[in-house]
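Note sheet for the following structure.
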Amino acid sequence: MSKQIFGYDYSNNEKVKLFFYLMVGGTGALIEWALVYVFTEQCGINYLLSTALAYFCSTVCHYFATNALVFESGKRYTKGKEFSLVLFVSTIGLLLNVLLMRIFVGGFGWPLMPSKVLATAFVTVWNYLSRKKFIY
């Protein structure tokens with residue numbers, strides 16, 4: 001199945017795929033940051049639980065969007081195995097996210113949102129490289 005936009009086939013164009021990955025990821029990050037803020041500041045949920053909940057919500061959206069725009073789902077593994085691998089990679093990303101937030105906010109005393117933005121940057125690199133290398 002080829003990846004196309006406006007009739008242009010970008011299936012083998014890694015620069016276009018990276019652009020779409022960053023676009024989808026950027027949108028997911030904005031959603032994640034907004035949810036962390038709302039869960040923590042408006043709902044009074046602990047920042048670590050807020051981080052986990054927001055990461056989960058954005059990961060589900062991200063999975064479907066990147067399959068539509070970036071990666072060729074089902075190409076390397078069956079859809080079931082592929083989804084299991086995405087869950088595994090995402091779980092590691094979640095653990096990294098929570099650990100970094102614990103270090104930045106709990107350890108260093110940094111403000112919530114700048115810490116979340118920095119943690120997101122680290123986890124985005126993990127997610128992209130691990131999905132590209134091990135899953136798709």
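Please note that chains go A, B, ... in the order of the structure tokens, that every chain numbers its residues from 1, and that ligands are numbered from 1 in the order shown.
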
- Message: I want to know what sits within 9 Å of A:Thr124, based on only C-alpha atoms, with residues of the same chain fewer than 6 positions away left out; could you give that as a VMD selection string?
- Response: chain A and resid 22 25 93

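Among the candidate residues A:Tyr8, A:Phe83, A:Trp110, A:Phe39, the one lying nearest to A:Ala52 is A:Phe39, with distances computed using only C-alpha atoms.
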
- Determine the nearest neighbour of A:Met23 from the options A:Ala54, A:Ala65, A:Val123, A:Ile45, counting only C-alpha atoms.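 Among the listed residues, A:Ala65 lies closest to A:Met23.
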
- Task: Looking only at alpha helix (DSSP H) from DSSP on the backbone, list the matching residues of chain A as a PyMOL selection string.
- Result: chain A and resi 14-37+47-69+79-101+112-130

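For A:Ala34, the residues within 12 Å (counting only C-alpha atoms, excluding itself and residues fewer than 5 positions away along the chain) are A:Thr27, A:Gly28, A:Ala29, A:Phe39, A:Thr40, A:Glu41, A:Gln42, A:Ser50, A:Thr51, A:Leu53, A:Ala54, A:Tyr55, A:Cys57, A:Ser58, A:Leu112, A:Met113, A:Lys116, A:Val117.
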
- Task: Show which residues sit within 8 Å of A:Val86, as a ChimeraX atom specification. Count only C-alpha atoms, and ignore same-chain residues fewer than 4 positions away.
- Result: /A:63,82,90,131,135

For A:Phe71, list every protein, DNA or RNA residue within 9 Å, evaluated using only C-alpha atoms, and leave out those in the same chain fewer than 6 positions away; present the list as a compact mmCIF listing (two decimals) with N, CA and C atoms, in the first residue's frame.
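selection_24.txt written:
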```
# COMPACT_ATOMS: atom_id res chain seq x y z
N LYS A 3 1.88 5.34 0.14
CA LYS A 3 1.52 6.55 0.86
C LYS A 3 1.47 7.68 -0.16
N SER A 11 5.95 7.05 -0.66
CA SER A 11 6.21 5.80 0.05
C SER A 11 7.68 5.58 0.37
N LYS A 17 8.22 11.40 4.98
CA LYS A 17 7.70 10.60 6.09
C LYS A 17 8.11 11.21 7.44
N TYR A 21 5.73 12.52 10.32
CA TYR A 21 5.88 12.00 11.68
C TYR A 21 6.00 13.16 12.66
N ARG A 131 10.33 2.61 16.58
CA ARG A 131 9.29 2.17 15.64
C ARG A 131 9.84 1.95 14.25
N LYS A 132 10.71 2.86 13.82
CA LYS A 132 11.29 2.73 12.49
C LYS A 132 12.17 1.49 12.39
N TYR A 136 8.25 -1.06 11.97
CA TYR A 136 7.76 -0.83 10.60
C TYR A 136 8.82 -1.03 9.55
```

- Message: At a cut-off of 12 Å, using only C-alpha atoms, what residues contact A:Val105? Leave out same-chain residues fewer than 2 positions from it and give the result as JSON, numbers by chain.
- Response: {"A": [46, 47, 48, 51, 97, 98, 99, 100, 101, 102, 103, 107, 108, 109, 110, 111, 112, 113, 114, 115, 116, 117, 118, 119]}

- Message: What's the separation between atom CA of A:Gly80 and atom CA of A:Leu129, in Å to one decimal place?
- Response: 20.5 Å

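Remark: for A:Leu95, the closest of the candidate residues A:Phe56, A:Tyr128, A:Phe20, A:Lys81 is A:Phe56 (distances computed over only C-alpha atoms).
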
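If only C-alpha atoms are the atoms counted, then among A:Glu14, A:Gly106, A:Leu94, A:Asn67 the closest residue to A:Asn127 is A:Leu94.
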
- Where in chain A does DSSP assign strand (DSSP E or B), given as a list in words?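 Output for chain A, strand (DSSP E or B) only: Gln4, Ile5, Tyr8 and Asp9 of chain A.
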
Mind dumping the selected residues with all heavy atoms as a tab-separated table (two decimals), in the first residue's frame?
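Saved the output as part13.tsv:
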```
chain	number	residue	atom	x	y	z
A	4	GLN	N	0.32	8.32	-0.27
A	4	GLN	CA	0.16	9.38	-1.27
A	4	GLN	C	-0.53	10.59	-0.67
A	4	GLN	O	-1.37	10.47	0.22
A	4	GLN	CB	-0.69	8.89	-2.45
A	4	GLN	CG	-0.02	7.82	-3.27
A	4	GLN	CD	-0.82	7.50	-4.53
A	4	GLN	OE1	-1.67	8.26	-4.95
A	4	GLN	NE2	-0.51	6.37	-5.12
A	5	ILE	N	-0.17	11.75	-1.21
A	5	ILE	CA	-0.86	12.99	-0.89
A	5	ILE	C	-0.93	13.81	-2.18
A	5	ILE	O	0.08	13.97	-2.88
A	5	ILE	CB	-0.18	13.76	0.25
A	5	ILE	CG1	-1.04	14.94	0.68
A	5	ILE	CG2	1.21	14.21	-0.10
A	5	ILE	CD1	-0.69	15.53	2.01
A	8	TYR	N	0.82	12.50	-5.17
A	8	TYR	CA	2.27	12.29	-5.07
A	8	TYR	C	2.54	11.09	-4.17
A	8	TYR	O	2.12	11.07	-3.02
A	8	TYR	CB	2.96	13.54	-4.52
A	8	TYR	CG	4.42	13.35	-4.20
A	8	TYR	CD1	5.37	13.19	-5.21
A	8	TYR	CD2	4.85	13.30	-2.88
A	8	TYR	CE1	6.71	13.00	-4.90
A	8	TYR	CE2	6.19	13.11	-2.56
A	8	TYR	CZ	7.11	12.96	-3.59
A	8	TYR	OH	8.43	12.77	-3.28
A	9	ASP	N	3.23	10.11	-4.70
A	9	ASP	CA	3.58	8.91	-3.93
A	9	ASP	C	4.88	9.18	-3.16
A	9	ASP	O	5.93	9.36	-3.76
A	9	ASP	CB	3.76	7.72	-4.87
A	9	ASP	CG	4.02	6.41	-4.13
A	9	ASP	OD1	4.35	6.45	-2.93
A	9	ASP	OD2	3.90	5.36	-4.77
```

- Task: Provide the atom CA of A:Leu96 to atom CA of A:Lys75 distance in Å, to one decimal place.
- Result: 27.8 Å
